[in-house]
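K.L.:
Got a structure for you, questions after.
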Amino acid sequence: LPSAGTRVFHAEMTDLWAAVATGRASLGAQAFFPVAAYTQVKAIADPAADWRSRLFGDFRLDVAAAHHFLGRGARHDTLVRVIVPAAGAAWINPGACYNAVGYWHVGGARLVYRQHGRQHSQLRSIGIASLISWRGRWYVVHFGAVLRAGAGGVVDAPAAGPGVPGPAGGC
């Protein structure tokens with residue numbers, strides 16, 4: 001079970017926050033589930049093409065939506081912490097969710113930030129829909145939504161304050 005308390009995880013979440021603050025998904029690529037891992041995990045035809053077109057494509061849309069949600073001052077917003085509800089982590093067995101191998105999954109992590117970086121401003125948060133593990137590290141696999149109703153980006157559960165992590169479940 002990966003830890004959300006490592007320097008690597010903190011650096012990856014800082015990169016994810018930079019992507020949101022600037023609207024440039026490429027800055028958060030280190031926090032995103034690697035294509036090489038995805039090709040080993042998924043038991044589907046052409047997982048690399050699925051990763052490029054759907055998985056990372058959705059990530060780009062979700063980063064853009066989160067950037068738009070934060071608004072013009074996003075570059076000045078400050079990431080305060082990331083809440084990962086590790087108690088809700090579940091092992092996903094091989095064969096489930098079109099997977100060739102098993103992994104840990106946790107849903108509903110939260111990026112908690114201070115708007116415009118002001119020390120006394122209210123905390124706000126947005127969710128990370130789904131994190132999965134690979135070689136002992138957490139990675140974002142679905143940022144805004146696991147399933148989406150349309151073709152646009154999604155901001156997962158924005159809230160004043162730290163929000164409520166979860167729910168558990170998913171793939």
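Chains: A, B, ... in order of the structure tokens. Residues: from 1 per chain. Ligands: from 1, in order shown.
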Just the strand (DSSP E or B) stuff from stretch 25-138 of chain A, please, per backbone DSSP, written as a VMD selection string.

P.N.:
chain A and resid 32 42 78 to 83 90 to 92 99 103 to 114 123 to 134 137 to 138

K.L.:
Counting only C-alpha atoms, what are the residues of stretch 7-53 of chain A within 8 Å of stretch 123-139 of chain A, and for each of them which pair of atoms is the nearest and at what distance in Å, to one decimal? Sort the table by chain and rising number, as CSV.

P.N.:
```
residue,atom,partner,partner_atom,distance
A:Phe9,CA,A:Trp138,CA,7.1
A:Ala31,CA,A:Tyr139,CA,5.5
A:Phe32,CA,A:Tyr139,CA,5.3
A:Phe33,CA,A:Tyr139,CA,5.0
A:Ala37,CA,A:Trp134,CA,7.2
```

K.L.:
Counting only C-alpha atoms, figure out which residue out of A:Arg24, A:Arg81, A:His76, A:His105 gets nearest to A:Arg60.

P.N.:
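Checking each of A:Arg24, A:Arg81, A:His76, A:His105 against A:Arg60, counting only C-alpha atoms, the winner is A:Arg24.
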
K.L.:
Which is closer to A:Ala49 than all the others in A:Val35, A:Val154, A:Ala160, A:Leu79, using only C-alpha atoms?

P.N.:
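Nearest candidate to A:Ala49 out of A:Val35, A:Val154, A:Ala160, A:Leu79: A:Val35.
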
K.L.:
Using only C-alpha atoms, which residue out of A:Pro34, A:Gly28, A:Gly102, A:Gly166 lies closest to A:Ile83?

P.N.:
A:Gly166

K.L.:
Nearest to A:Val140 among A:Ala90, A:Leu1, A:Ala109, A:Ala36, with distances taken over only C-alpha atoms: which residue is it?

P.N.:
A:Ala109

K.L.:
Go through A:Val141, A:Cys97, A:Ala11, A:Ala25 one by one, measure the shortest atom-to-atom distance of each to A:Ala65 using only C-alpha atoms, and give the residue with the smallest value.

P.N.:
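Counting only C-alpha atoms, the residue closest to A:Ala65 is A:Ala25.
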
K.L.:
Return the single residue from A:Ala149, A:Val164, A:Ala159, A:Val106 that is closest to A:Pro2, with distances computed using only C-alpha atoms.

P.N.:
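Of all the options, A:Val106 lies closest to A:Pro2.
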
K.L.:
Quick check, in Å to one decimal: how far apart do atom CA of A:Val41 and atom CA of A:Met13 lie?

P.N.:
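These two atoms are separated by 22.5 Å.
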
K.L.:
Please report the interatomic distance between atom CA of A:Gly5 and atom CA of A:Ile92 in Å with one decimal.

P.N.:
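Between atom CA of A:Gly5 and atom CA of A:Ile92 the gap works out to 21.9 Å.
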